[in-house]
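This report refers to the structure that appears directly beneath it.
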Amino acid sequence: MSSSPRPGPSDVSARLRRAVETGDWQSLAEVIHPNVLWGAPEGGGTGCRGRSAVLSRCAALHADGLCVTVDEIFTYPAAVVLGLHPQRALPTSGPHVAVYQVYDITGGLITRITGYADRLEALDAAYTGAATTGL
């Protein structure tokens, strides 16, 4: 009996890029852990838990006119960092701010998504594994 191997971080990063660029969040369903947690590094804020909640939230943001450009991707053995540039469909005044999402990967599945405003904090969390899964 053979089973297909789980995707590695490089495969997950390619899927993340495609999903962000196309808005096809359902394409990530097979690489998101059923109990994934999406939230702030310190655990506060408006996070969500569960594959369907994360996919629904992404789809709702996209439907609400949020467009996201991938500026950078960093792939680590157990994490992927996306440097993102979110924009509304209708331009707003003020500078465009980059955000950084760390996707922790365990066994080929995204187990936690953590948002950072600071690039170095995100890279450090991905490199050191500071954004632990709690699963």
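Identifiers for the structure tokens are assigned positionally: chains receive A, B, ... in sequence, residues are indexed from 1 per chain, and ligands are indexed from 1 in the order shown.
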
- request: as a PyMOL selection string, please: all residues of chain A that backbone DSSP puts in alpha helix (DSSP H).
  value: chain A and resi 9-22+51-63+119-128

Selected residues written out, N, CA and C atoms, as an mmCIF file, in the first residue's frame:
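Result file out-v3.cif:
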```cif
data_model
loop_
_atom_site.group_PDB
_atom_site.id
_atom_site.type_symbol
_atom_site.label_atom_id
_atom_site.label_comp_id
_atom_site.auth_asym_id
_atom_site.auth_seq_id
_atom_site.Cartn_x
_atom_site.Cartn_y
_atom_site.Cartn_z
ATOM 1 N N PRO A 9 7.669 22.224 2.443
ATOM 2 C CA PRO A 9 7.509 23.675 2.496
ATOM 3 C C PRO A 9 7.590 24.360 1.130
ATOM 4 N N SER A 10 8.449 23.868 0.235
ATOM 5 C CA SER A 10 8.543 24.484 -1.096
ATOM 6 C C SER A 10 7.247 24.317 -1.877
ATOM 7 N N ASP A 11 6.639 23.131 -1.777
ATOM 8 C CA ASP A 11 5.363 22.897 -2.443
ATOM 9 C C ASP A 11 4.266 23.774 -1.837
ATOM 10 N N VAL A 12 4.273 23.878 -0.514
ATOM 11 C CA VAL A 12 3.272 24.699 0.166
ATOM 12 C C VAL A 12 3.445 26.166 -0.226
ATOM 13 N N SER A 13 4.691 26.651 -0.319
ATOM 14 C CA SER A 13 4.897 28.054 -0.690
ATOM 15 C C SER A 13 4.389 28.333 -2.103
ATOM 16 N N ALA A 14 4.580 27.391 -3.026
ATOM 17 C CA ALA A 14 4.066 27.568 -4.386
ATOM 18 C C ALA A 14 2.536 27.604 -4.386
ATOM 19 N N ARG A 15 1.914 26.749 -3.584
ATOM 20 C CA ARG A 15 0.445 26.744 -3.485
ATOM 21 C C ARG A 15 -0.070 28.037 -2.867
ATOM 22 N N LEU A 16 0.636 28.527 -1.838
ATOM 23 C CA LEU A 16 0.235 29.785 -1.208
ATOM 24 C C LEU A 16 0.301 30.932 -2.208
ATOM 25 N N ARG A 17 1.380 31.011 -2.958
ATOM 26 C CA ARG A 17 1.519 32.077 -3.963
ATOM 27 C C ARG A 17 0.364 32.025 -4.961
ATOM 28 N N ARG A 18 0.080 30.832 -5.461
ATOM 29 C CA ARG A 18 -1.017 30.682 -6.438
ATOM 30 C C ARG A 18 -2.352 31.112 -5.844
ATOM 31 N N ALA A 19 -2.625 30.685 -4.613
ATOM 32 C CA ALA A 19 -3.896 31.022 -3.971
ATOM 33 C C ALA A 19 -4.034 32.523 -3.766
ATOM 34 N N VAL A 20 -2.948 33.167 -3.318
ATOM 35 C CA VAL A 20 -2.986 34.617 -3.105
ATOM 36 C C VAL A 20 -3.193 35.347 -4.424
ATOM 37 N N GLU A 21 -2.464 34.935 -5.453
ATOM 38 C CA GLU A 21 -2.544 35.630 -6.739
ATOM 39 C C GLU A 21 -3.861 35.413 -7.463
ATOM 40 N N THR A 22 -4.490 34.258 -7.268
ATOM 41 C CA THR A 22 -5.738 33.956 -7.984
ATOM 42 C C THR A 22 -6.987 34.119 -7.137
ATOM 43 N N ARG A 51 -9.791 24.689 9.602
ATOM 44 C CA ARG A 51 -9.610 24.820 8.157
ATOM 45 C C ARG A 51 -10.744 25.592 7.504
ATOM 46 N N SER A 52 -11.984 25.218 7.793
ATOM 47 C CA SER A 52 -13.108 25.882 7.126
ATOM 48 C C SER A 52 -13.207 27.350 7.523
ATOM 49 N N ALA A 53 -12.892 27.686 8.786
ATOM 50 C CA ALA A 53 -12.941 29.085 9.221
ATOM 51 C C ALA A 53 -11.869 29.908 8.507
ATOM 52 N N VAL A 54 -10.656 29.351 8.365
ATOM 53 C CA VAL A 54 -9.578 30.066 7.683
ATOM 54 C C VAL A 54 -9.919 30.258 6.207
ATOM 55 N N LEU A 55 -10.380 29.218 5.549
ATOM 56 C CA LEU A 55 -10.723 29.340 4.130
ATOM 57 C C LEU A 55 -11.884 30.304 3.919
ATOM 58 N N SER A 56 -12.865 30.270 4.812
ATOM 59 C CA SER A 56 -13.999 31.198 4.714
ATOM 60 C C SER A 56 -13.554 32.636 4.918
ATOM 61 N N ARG A 57 -12.659 32.842 5.879
ATOM 62 C CA ARG A 57 -12.158 34.197 6.146
ATOM 63 C C ARG A 57 -11.397 34.736 4.942
ATOM 64 N N CYS A 58 -10.547 33.922 4.339
ATOM 65 C CA CYS A 58 -9.803 34.347 3.147
ATOM 66 C C CYS A 58 -10.752 34.679 2.001
ATOM 67 N N ALA A 59 -11.735 33.831 1.779
ATOM 68 C CA ALA A 59 -12.701 34.055 0.705
ATOM 69 C C ALA A 59 -13.508 35.327 0.956
ATOM 70 N N ALA A 60 -13.883 35.570 2.216
ATOM 71 C CA ALA A 60 -14.655 36.767 2.550
ATOM 72 C C ALA A 60 -13.825 38.031 2.325
ATOM 73 N N LEU A 61 -12.561 38.001 2.723
ATOM 74 C CA LEU A 61 -11.695 39.154 2.498
ATOM 75 C C LEU A 61 -11.545 39.437 0.999
ATOM 76 N N HIS A 62 -11.374 38.379 0.216
ATOM 77 C CA HIS A 62 -11.249 38.524 -1.236
ATOM 78 C C HIS A 62 -12.549 39.082 -1.834
ATOM 79 N N ALA A 63 -13.683 38.553 -1.396
ATOM 80 C CA ALA A 63 -14.979 39.020 -1.890
ATOM 81 C C ALA A 63 -15.251 40.471 -1.502
ATOM 82 N N ARG A 119 9.053 42.717 9.325
ATOM 83 C CA ARG A 119 9.682 41.671 8.512
ATOM 84 C C ARG A 119 10.668 40.828 9.321
ATOM 85 N N LEU A 120 11.541 41.484 10.091
ATOM 86 C CA LEU A 120 12.555 40.748 10.845
ATOM 87 C C LEU A 120 11.938 39.859 11.918
ATOM 88 N N GLU A 121 10.879 40.322 12.561
ATOM 89 C CA GLU A 121 10.198 39.488 13.552
ATOM 90 C C GLU A 121 9.613 38.241 12.893
ATOM 91 N N ALA A 122 9.016 38.411 11.717
ATOM 92 C CA ALA A 122 8.433 37.273 10.998
ATOM 93 C C ALA A 122 9.506 36.275 10.597
ATOM 94 N N LEU A 123 10.611 36.778 10.048
ATOM 95 C CA LEU A 123 11.690 35.886 9.632
ATOM 96 C C LEU A 123 12.305 35.169 10.822
ATOM 97 N N ASP A 124 12.463 35.875 11.930
ATOM 98 C CA ASP A 124 13.009 35.256 13.133
ATOM 99 C C ASP A 124 12.079 34.168 13.656
ATOM 100 N N ALA A 125 10.778 34.451 13.669
ATOM 101 C CA ALA A 125 9.813 33.459 14.141
ATOM 102 C C ALA A 125 9.839 32.207 13.261
ATOM 103 N N ALA A 126 9.937 32.387 11.959
ATOM 104 C CA ALA A 126 9.972 31.241 11.052
ATOM 105 C C ALA A 126 11.268 30.455 11.205
ATOM 106 N N TYR A 127 12.361 31.156 11.361
ATOM 107 C CA TYR A 127 13.669 30.503 11.456
ATOM 108 C C TYR A 127 13.831 29.749 12.765
ATOM 109 N N THR A 128 13.420 30.370 13.842
ATOM 110 C CA THR A 128 13.622 29.755 15.156
ATOM 111 C C THR A 128 12.474 28.878 15.584
#
```

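Residues with any atom within 8 Å of Cys67 in chain A, counting only C-alpha atoms and excluding same-chain neighbours fewer than 3 positions away, are His62, Pro86, Gln87, Arg88 and Ala89 of chain A.
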
Would you mind exporting N, CA and C atoms of the selected residues as a compact mmCIF listing (two decimals), in the first residue's frame?
```txt
# COMPACT_ATOMS: atom_id res chain seq x y z
N HIS A 62 -11.37 38.38 0.22
CA HIS A 62 -11.25 38.52 -1.24
C HIS A 62 -12.55 39.08 -1.83
N PRO A 86 -1.25 44.12 0.92
CA PRO A 86 -2.71 44.14 0.75
C PRO A 86 -3.18 45.51 0.24
N GLN A 87 -4.17 45.48 -0.65
CA GLN A 87 -4.76 46.70 -1.19
C GLN A 87 -6.25 46.46 -1.40
N ARG A 88 -7.03 47.46 -1.19
CA ARG A 88 -8.45 47.39 -1.50
C ARG A 88 -8.63 47.62 -2.99
N ALA A 89 -9.73 47.12 -3.53
CA ALA A 89 -10.02 47.30 -4.95
C ALA A 89 -10.09 48.79 -5.28
```

- prompt: Which residues, written as a ChimeraX atom specification, have at least one atom at most 12 Å from Gly108 in chain A, with only C-alpha atoms counted and residues fewer than 3 positions away on the same chain left out?
  reply: /A:4-13,15,28,30-33,77-80,103-105,111

Pull N, CA and C atoms from the residues just selected and write them as a JSON list (two decimals), in the first residue's frame.
```
[["chain", "number", "residue", "atom", "x", "y", "z"],
["A", 4, "SER", "N", 0.60, 8.89, -1.16],
["A", 4, "SER", "CA", 1.36, 9.99, -1.74],
["A", 4, "SER", "C", 2.03, 10.78, -0.63],
["A", 5, "PRO", "N", 3.26, 11.20, -0.86],
["A", 5, "PRO", "CA", 3.97, 11.95, 0.18],
["A", 5, "PRO", "C", 3.33, 13.31, 0.40],
["A", 6, "ARG", "N", 3.44, 13.76, 1.63],
["A", 6, "ARG", "CA", 2.94, 15.10, 1.97],
["A", 6, "ARG", "C", 3.80, 16.15, 1.29],
["A", 7, "PRO", "N", 3.20, 17.25, 0.89],
["A", 7, "PRO", "CA", 4.00, 18.31, 0.28],
["A", 7, "PRO", "C", 4.96, 18.92, 1.30],
["A", 8, "GLY", "N", 6.13, 19.32, 0.83],
["A", 8, "GLY", "CA", 7.10, 19.98, 1.69],
["A", 8, "GLY", "C", 6.87, 21.48, 1.67],
["A", 9, "PRO", "N", 7.67, 22.22, 2.44],
["A", 9, "PRO", "CA", 7.51, 23.68, 2.50],
["A", 9, "PRO", "C", 7.59, 24.36, 1.13],
["A", 10, "SER", "N", 8.45, 23.87, 0.24],
["A", 10, "SER", "CA", 8.54, 24.48, -1.10],
["A", 10, "SER", "C", 7.25, 24.32, -1.88],
["A", 11, "ASP", "N", 6.64, 23.13, -1.78],
["A", 11, "ASP", "CA", 5.36, 22.90, -2.44],
["A", 11, "ASP", "C", 4.27, 23.77, -1.84],
["A", 12, "VAL", "N", 4.27, 23.88, -0.51],
["A", 12, "VAL", "CA", 3.27, 24.70, 0.17],
["A", 12, "VAL", "C", 3.45, 26.17, -0.23],
["A", 13, "SER", "N", 4.69, 26.65, -0.32],
["A", 13, "SER", "CA", 4.90, 28.05, -0.69],
["A", 13, "SER", "C", 4.39, 28.33, -2.10],
["A", 15, "ARG", "N", 1.91, 26.75, -3.58],
["A", 15, "ARG", "CA", 0.44, 26.74, -3.49],
["A", 15, "ARG", "C", -0.07, 28.04, -2.87],
["A", 28, "LEU", "N", -6.08, 25.47, -1.29],
["A", 28, "LEU", "CA", -5.21, 25.21, -0.14],
["A", 28, "LEU", "C", -5.79, 24.18, 0.82],
["A", 30, "GLU", "N", -6.26, 21.04, 1.00],
["A", 30, "GLU", "CA", -5.55, 19.79, 1.32],
["A", 30, "GLU", "C", -4.22, 20.01, 2.02],
["A", 31, "VAL", "N", -3.74, 21.25, 2.12],
["A", 31, "VAL", "CA", -2.48, 21.50, 2.84],
["A", 31, "VAL", "C", -2.70, 22.31, 4.12],
["A", 32, "ILE", "N", -3.95, 22.48, 4.52],
["A", 32, "ILE", "CA", -4.25, 23.17, 5.78],
["A", 32, "ILE", "C", -4.74, 22.14, 6.79],
["A", 33, "HIS", "N", -4.12, 22.12, 7.95],
["A", 33, "HIS", "CA", -4.49, 21.20, 9.02],
["A", 33, "HIS", "C", -5.93, 21.49, 9.45],
["A", 77, "PRO", "N", 12.69, 25.05, 6.67],
["A", 77, "PRO", "CA", 12.34, 23.63, 6.81],
["A", 77, "PRO", "C", 10.96, 23.39, 7.42],
["A", 78, "ALA", "N", 10.50, 24.27, 8.30],
["A", 78, "ALA", "CA", 9.21, 24.05, 8.96],
["A", 78, "ALA", "C", 8.29, 25.26, 8.87],
["A", 79, "ALA", "N", 8.57, 26.18, 7.95],
["A", 79, "ALA", "CA", 7.72, 27.36, 7.83],
["A", 79, "ALA", "C", 7.92, 28.03, 6.48],
["A", 80, "VAL", "N", 6.91, 28.81, 6.10],
["A", 80, "VAL", "CA", 6.97, 29.66, 4.93],
["A", 80, "VAL", "C", 6.57, 31.06, 5.38],
["A", 103, "TYR", "N", 3.62, 30.86, 8.02],
["A", 103, "TYR", "CA", 2.83, 29.63, 7.92],
["A", 103, "TYR", "C", 3.69, 28.50, 8.47],
["A", 104, "ASP", "N", 3.38, 28.05, 9.68],
["A", 104, "ASP", "CA", 4.11, 26.92, 10.26],
["A", 104, "ASP", "C", 3.62, 25.64, 9.60],
["A", 105, "ILE", "N", 4.56, 24.77, 9.26],
["A", 105, "ILE", "CA", 4.23, 23.54, 8.54],
["A", 105, "ILE", "C", 4.72, 22.34, 9.33],
["A", 111, "THR", "N", -0.16, 24.41, 10.00],
["A", 111, "THR", "CA", -0.75, 24.21, 11.32],
["A", 111, "THR", "C", -1.04, 25.52, 12.04]]
```

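Nearest residue to Ala29 in chain A, choosing from A:Gly129, A:Thr75, A:Asp118, A:Leu109 and counting only C-alpha atoms: A:Leu109.
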
field: Those of range 1-132 of chain A in DSSP strand (DSSP E or B), formatted as a ChimeraX atom specification
entry: /A:32-39,48-49,66-76,79-88,99-106,109-116
